[in-house]
file entry-v3.cif (mmCIF, C-alpha atoms)
data_entry
#
loop_
_atom_site.label_atom_id
_atom_site.label_comp_id
_atom_site.auth_asym_id
_atom_site.auth_seq_id
_atom_site.Cartn_x
_atom_site.Cartn_y
_atom_site.Cartn_z
CA MET A 1 21.72 6.47 5.90
CA VAL A 2 20.23 8.60 3.14
CA LEU A 3 18.47 6.69 0.39
CA MET A 4 18.98 7.98 -3.12
CA ALA A 5 16.59 7.31 -5.97
CA ASP A 6 17.63 6.99 -9.59
CA ASN A 7 17.11 10.62 -10.66
CA GLY A 8 16.48 9.62 -14.29
CA GLN A 9 13.68 7.30 -13.23
CA VAL A 10 12.14 9.94 -10.96
CA ALA A 11 12.25 12.49 -13.81
CA ARG A 12 10.64 10.00 -16.20
CA LEU A 13 7.90 9.18 -13.66
CA VAL A 14 6.91 12.80 -13.00
CA ALA A 15 7.40 14.19 -16.53
CA PRO A 16 4.23 15.83 -17.86
CA GLY A 17 2.88 13.68 -20.65
CA GLY A 18 5.63 11.16 -19.91
CA ASP A 19 5.53 7.55 -20.91
CA TRP A 20 6.39 5.84 -17.61
CA ASN A 21 4.14 2.82 -18.26
CA GLY A 22 5.54 2.44 -21.77
CA TRP A 23 9.08 2.54 -20.38
CA ARG A 24 8.10 -0.13 -17.82
CA ALA A 25 6.68 -2.30 -20.63
CA ARG A 26 9.95 -1.98 -22.56
CA HIS A 27 12.04 -2.77 -19.43
CA PRO A 28 10.00 -5.41 -17.56
CA LYS A 29 12.98 -6.80 -15.61
CA LYS A 30 14.26 -3.44 -14.38
CA ARG A 31 13.21 -2.71 -10.80
CA PRO A 32 12.38 0.98 -10.40
CA ASP A 33 14.64 2.65 -7.84
CA LEU A 34 12.63 5.47 -6.30
CA ARG A 35 14.06 5.23 -2.77
CA GLY A 36 13.60 8.40 -0.77
CA ALA A 37 12.01 10.27 -3.70
CA THR A 38 9.88 13.33 -3.01
CA LEU A 39 6.67 12.61 -4.90
CA SER A 40 4.15 14.49 -2.75
CA HIS A 41 1.18 15.96 -4.62
CA THR A 42 2.22 13.99 -7.75
CA ASP A 43 -0.36 12.56 -10.15
CA LEU A 44 0.58 8.88 -10.48
CA ARG A 45 -2.83 7.53 -11.46
CA ARG A 46 -2.60 4.08 -13.06
CA ALA A 47 1.22 4.16 -12.84
CA ASP A 48 2.95 0.80 -13.11
CA LEU A 49 5.03 0.71 -9.95
CA ARG A 50 5.11 -3.05 -9.47
CA ARG A 51 8.19 -4.20 -7.54
CA ALA A 52 9.37 -0.58 -7.25
CA ASP A 53 11.59 0.41 -4.35
CA LEU A 54 9.75 3.36 -2.87
CA SER A 55 11.15 2.93 0.63
CA GLU A 56 11.25 6.17 2.62
CA SER A 57 9.63 8.09 -0.25
CA ASP A 58 7.30 11.01 0.37
CA LEU A 59 4.03 10.23 -1.40
CA SER A 60 1.86 12.44 0.81
CA ARG A 61 -1.22 13.68 -1.03
CA ALA A 62 -0.12 11.85 -4.18
CA ASN A 63 -2.80 10.51 -6.50
CA LEU A 64 -2.07 6.79 -6.79
CA SER A 65 -5.60 5.74 -7.69
CA GLU A 66 -5.61 2.50 -9.67
CA ALA A 67 -1.79 2.42 -9.53
CA ARG A 68 -0.13 -0.98 -9.71
CA LEU A 69 2.06 -1.30 -6.62
CA GLY A 70 2.06 -5.08 -6.23
CA ARG A 71 5.21 -6.29 -4.44
CA ALA A 72 6.47 -2.71 -4.12
CA ASP A 73 8.69 -1.82 -1.16
CA LEU A 74 7.05 1.07 0.64
CA THR A 75 8.93 0.58 3.91
CA ARG A 76 8.75 3.80 5.98
CA ALA A 77 7.10 5.66 3.08
CA VAL A 78 4.90 8.66 3.86
CA LEU A 79 1.47 8.21 2.26
CA THR A 80 -0.42 10.73 4.39
CA ASP A 81 -3.70 11.72 2.70
CA ALA A 82 -2.68 9.79 -0.44
CA ASP A 83 -5.37 8.66 -2.88
CA LEU A 84 -4.95 4.90 -3.24
CA ILE A 85 -8.51 4.21 -4.37
CA GLY A 86 -8.56 0.98 -6.36
CA ALA A 87 -4.76 0.61 -6.17
CA ASP A 88 -3.12 -2.82 -6.33
CA LEU A 89 -0.91 -3.14 -3.26
CA SER A 90 -0.97 -6.93 -3.18
CA ARG A 91 2.07 -8.35 -1.39
CA ALA A 92 3.50 -4.85 -0.96
CA VAL A 93 5.71 -4.13 2.04
CA LEU A 94 4.29 -1.16 3.94
CA SER A 95 6.12 -1.80 7.20
CA GLY A 96 6.61 1.43 9.11
CA ALA A 97 4.67 3.44 6.51
CA ALA A 98 2.43 6.38 7.41
CA LEU A 99 -1.01 5.90 5.85
CA VAL A 100 -2.63 8.59 7.99
CA GLY A 101 -5.86 9.71 6.33
CA ALA A 102 -5.09 7.67 3.20
CA TYR A 103 -7.96 6.70 0.90
CA LEU A 104 -7.71 2.93 0.37
CA LEU A 105 -11.27 2.37 -0.88
CA GLY A 106 -11.38 -0.83 -2.92
CA ALA A 107 -7.59 -1.21 -2.73
CA ASP A 108 -6.09 -4.68 -3.10
CA LEU A 109 -3.92 -5.31 -0.04
CA ARG A 110 -3.94 -9.11 -0.24
CA GLY A 111 -0.85 -10.50 1.44
CA ALA A 112 0.53 -7.03 2.21
CA ASP A 113 2.84 -6.42 5.19
CA LEU A 114 1.29 -3.61 7.22
CA ASN A 115 3.28 -4.16 10.43
CA VAL A 116 4.19 -1.02 12.37
CA THR A 117 2.07 0.97 9.91
CA ASP A 118 0.15 4.05 11.07
CA LEU A 119 -3.42 3.65 9.80
CA ARG A 120 -4.93 6.54 11.75
CA GLY A 121 -8.02 7.70 9.90
CA ALA A 122 -7.27 5.57 6.81
CA ASP A 123 -10.41 4.77 4.82
CA LEU A 124 -10.47 1.00 4.26
CA ARG A 125 -13.99 0.71 2.84
CA GLY A 126 -14.04 -2.22 0.44
CA ALA A 127 -10.28 -2.78 0.76
CA ASP A 128 -9.24 -6.43 0.32
CA LEU A 129 -7.13 -7.43 3.32
CA ARG A 130 -7.15 -11.18 2.75
CA GLY A 131 -3.89 -12.63 4.01
CA ALA A 132 -2.53 -9.20 5.02
CA ASP A 133 -0.50 -8.85 8.21
CA LEU A 134 -1.73 -5.98 10.36
CA THR A 135 -0.58 -7.55 13.65
CA ARG A 136 1.45 -4.58 14.88
CA SER A 137 -0.22 -1.75 12.97
CA PHE A 138 -0.97 1.47 14.86
CA PHE A 139 -4.28 3.25 15.36
CA LEU A 140 -6.31 0.62 13.49
CA ILE A 141 -9.81 0.37 14.94
CA GLN A 142 -12.58 -2.19 14.64
CA ALA A 143 -14.76 0.18 12.59
CA GLN A 144 -12.10 0.30 9.87
CA ILE A 145 -11.84 -3.49 9.79
CA GLU A 146 -15.63 -3.86 9.62
CA THR A 147 -15.71 -1.92 6.33
CA ALA A 148 -12.97 -4.00 4.67
CA MET A 149 -12.84 -7.55 3.29
CA GLY A 150 -10.66 -10.19 4.84
CA ASP A 151 -10.47 -13.83 5.84
CA LEU A 152 -9.07 -16.14 8.49
CA ASP A 153 -5.57 -15.60 7.05
CA THR A 154 -5.72 -11.85 7.76
CA LYS A 155 -3.60 -11.17 10.84
CA LEU A 156 -5.09 -8.53 13.11
CA PRO A 157 -3.82 -6.79 16.25
CA PRO A 158 -4.86 -8.62 19.43
CA SER A 159 -7.34 -5.85 20.32
CA LEU A 160 -9.41 -6.42 17.15
CA SER A 161 -11.61 -9.30 16.09
CA CYS A 162 -12.41 -10.94 12.80
CA PRO A 163 -15.68 -9.48 11.45
CA GLU A 164 -18.47 -12.00 10.83
CA HIS A 165 -18.75 -11.02 7.14
CA TRP A 166 -15.15 -12.07 6.46
CA ALA A 167 -14.65 -15.43 4.74
CA GLY A 168 -14.52 -18.15 7.38
CA CYS A 169 -15.23 -15.81 10.27
CA ASP A 170 -18.24 -16.00 12.50
CA SER A 171 -18.99 -15.34 16.15
CA ARG A 172 -17.35 -18.68 17.07
CA SER A 173 -14.08 -17.94 15.23
CA PRO A 174 -11.07 -17.15 17.39
CA ARG A 175 -9.35 -13.83 16.99
CA ARG A 176 -6.49 -14.03 14.44
CA THR A 177 -3.07 -12.69 15.36
#
call {"tool": "encode", "arguments": {"input": "entry-v3.cif", "output": "structure tokens"}}
result
Amino acid sequence: MVLMADNGQVARLVAPGGDWNGWRARHPKKRPDLRGATLSHTDLRRADLRRADLSESDLSRANLSEARLGRADLTRAVLTDADLIGADLSRAVLSGAALVGAYLLGADLRGADLNVTDLRGADLRGADLRGADLTRSFFLIQAQIETAMGDLDTKLPPSLSCPEHWAGCDSRSPRRT
């Protein structure tokens, strides 16, 4: 099945000097339909993409720094080498997404679904993973987890352990899955 985005919304989002955030403010109940959109290399800094359907979109090398993506659907989206520094991805669905080499420094991923997500080489320094589900994520290593923030509600793959600096975790804490 081929997903089709609303072409008018895609055009508004990528228009040079466009007023995407103003449009979102004027239409707060409208859920952006950007399914399957090709947005690679696009400058989407500080874009309001809350609750947007970006499933199967190509956001590779896009600049999404400080973008608001809370509760967005990014199922099977390609975010390879994307800049997500300081982005709000709280409660976003990233199941099956490719975050290979993505920059998630200081990103808010609280309560996000990162199952079956490829995190190979993703930079998670300072990312907030409290309550996130990473149970079945791919290529996530302990070193990445050690640089992020989390808590006992963060679900990790069985091969990883809760870092001692996470809220409620210490050497006596059981591994969370």
call {"tool": "residues_around", "arguments": {"input": "entry-v3.cif", "residues": "Arg110 in chain A", "least_positions_apart": "4", "cutoff": "8 Å", "atoms": "only C-alpha atoms", "output": "PyMOL selection string"}}
result
chain A and resi 89-91+128-132
call {"tool": "closest_residue", "arguments": {"input": "entry-v3.cif", "among": "A:Ala92, A:Ala47, A:Ala72, A:Leu39", "to": "Gly22 in chain A", "atoms": "only C-alpha atoms"}}
result
A:Ala47
call {"tool": "atom_distance", "arguments": {"input": "entry-v3.cif", "atom1": "CA of Ser95 in chain A", "atom2": "CA of Arg24 in chain A"}}
result
25.2 Å
call {"tool": "atom_distance", "arguments": {"input": "entry-v3.cif", "atom1": "CA of Ala5 in chain A", "atom2": "CA of Ser60 in chain A"}}
result
17.0 Å
call {"tool": "residues_around", "arguments": {"input": "entry-v3.cif", "residues": "Arg51 in chain A", "least_positions_apart": "2", "cutoff": "12 Å", "atoms": "all atoms listed in the file", "output": "short mmCIF file (atom, residue, chain, number, x, y, z; two decimals) with C-alpha atoms, keeping the file's coordinate frame"}}
result
data_model
loop_
_atom_site.label_atom_id
_atom_site.label_comp_id
_atom_site.auth_asym_id
_atom_site.auth_seq_id
_atom_site.Cartn_x
_atom_site.Cartn_y
_atom_site.Cartn_z
CA ARG A 24 8.10 -0.13 -17.82
CA PRO A 28 10.00 -5.41 -17.56
CA LYS A 29 12.98 -6.80 -15.61
CA LYS A 30 14.26 -3.44 -14.38
CA ARG A 31 13.21 -2.71 -10.80
CA PRO A 32 12.38 0.98 -10.40
CA ASP A 33 14.64 2.65 -7.84
CA LEU A 34 12.63 5.47 -6.30
CA ASP A 48 2.95 0.80 -13.11
CA LEU A 49 5.03 0.71 -9.95
CA ASP A 53 11.59 0.41 -4.35
CA LEU A 54 9.75 3.36 -2.87
CA SER A 55 11.15 2.93 0.63
CA ARG A 68 -0.13 -0.98 -9.71
CA LEU A 69 2.06 -1.30 -6.62
CA GLY A 70 2.06 -5.08 -6.23
CA ARG A 71 5.21 -6.29 -4.44
CA ALA A 72 6.47 -2.71 -4.12
CA ASP A 73 8.69 -1.82 -1.16
CA LEU A 74 7.05 1.07 0.64
CA ASP A 88 -3.12 -2.82 -6.33
CA LEU A 89 -0.91 -3.14 -3.26
CA SER A 90 -0.97 -6.93 -3.18
CA ARG A 91 2.07 -8.35 -1.39
CA ALA A 92 3.50 -4.85 -0.96
CA VAL A 93 5.71 -4.13 2.04
#
call {"tool": "residues_around", "arguments": {"input": "entry-v3.cif", "residues": "range 144-154 of chain A", "least_positions_apart": "3", "cutoff": "8 Å", "atoms": "only C-alpha atoms", "output": "PDB file with C-alpha atoms, in the coordinates of the input"}}
result
ATOM      1  CA  ALA A 122      -7.270   5.570   6.810  1.00  0.00           C
ATOM      2  CA  ASP A 123     -10.410   4.770   4.820  1.00  0.00           C
ATOM      3  CA  LEU A 124     -10.470   1.000   4.260  1.00  0.00           C
ATOM      4  CA  ARG A 125     -13.990   0.710   2.840  1.00  0.00           C
ATOM      5  CA  GLY A 126     -14.040  -2.220   0.440  1.00  0.00           C
ATOM      6  CA  ALA A 127     -10.280  -2.780   0.760  1.00  0.00           C
ATOM      7  CA  ASP A 128      -9.240  -6.430   0.320  1.00  0.00           C
ATOM      8  CA  LEU A 129      -7.130  -7.430   3.320  1.00  0.00           C
ATOM      9  CA  ARG A 130      -7.150 -11.180   2.750  1.00  0.00           C
ATOM     10  CA  GLY A 131      -3.890 -12.630   4.010  1.00  0.00           C
ATOM     11  CA  ALA A 132      -2.530  -9.200   5.020  1.00  0.00           C
ATOM     12  CA  ASP A 133      -0.500  -8.850   8.210  1.00  0.00           C
ATOM     13  CA  LEU A 134      -1.730  -5.980  10.360  1.00  0.00           C
ATOM     14  CA  LEU A 140      -6.310   0.620  13.490  1.00  0.00           C
ATOM     15  CA  ILE A 141      -9.810   0.370  14.940  1.00  0.00           C
ATOM     16  CA  CYS A 162     -12.410 -10.940  12.800  1.00  0.00           C
ATOM     17  CA  PRO A 163     -15.680  -9.480  11.450  1.00  0.00           C
ATOM     18  CA  HIS A 165     -18.750 -11.020   7.140  1.00  0.00           C
ATOM     19  CA  TRP A 166     -15.150 -12.070   6.460  1.00  0.00           C
ATOM     20  CA  ALA A 167     -14.650 -15.430   4.740  1.00  0.00           C
ATOM     21  CA  GLY A 168     -14.520 -18.150   7.380  1.00  0.00           C
ATOM     22  CA  CYS A 169     -15.230 -15.810  10.270  1.00  0.00           C
ATOM     23  CA  ARG A 176      -6.490 -14.030  14.440  1.00  0.00           C
TER      24      ARG A 176
END
call {"tool": "axis_aligned_box", "arguments": {"input": "entry-v3.cif", "around": "range 70-81 of chain A", "padding_each_side": "5 Å", "output": "lines of an AutoDock Vina configuration file"}}
result
center_x = 2.6
center_y = 2.7
center_z = -0.1
size_x = 22.6
size_y = 28.0
size_z = 22.2
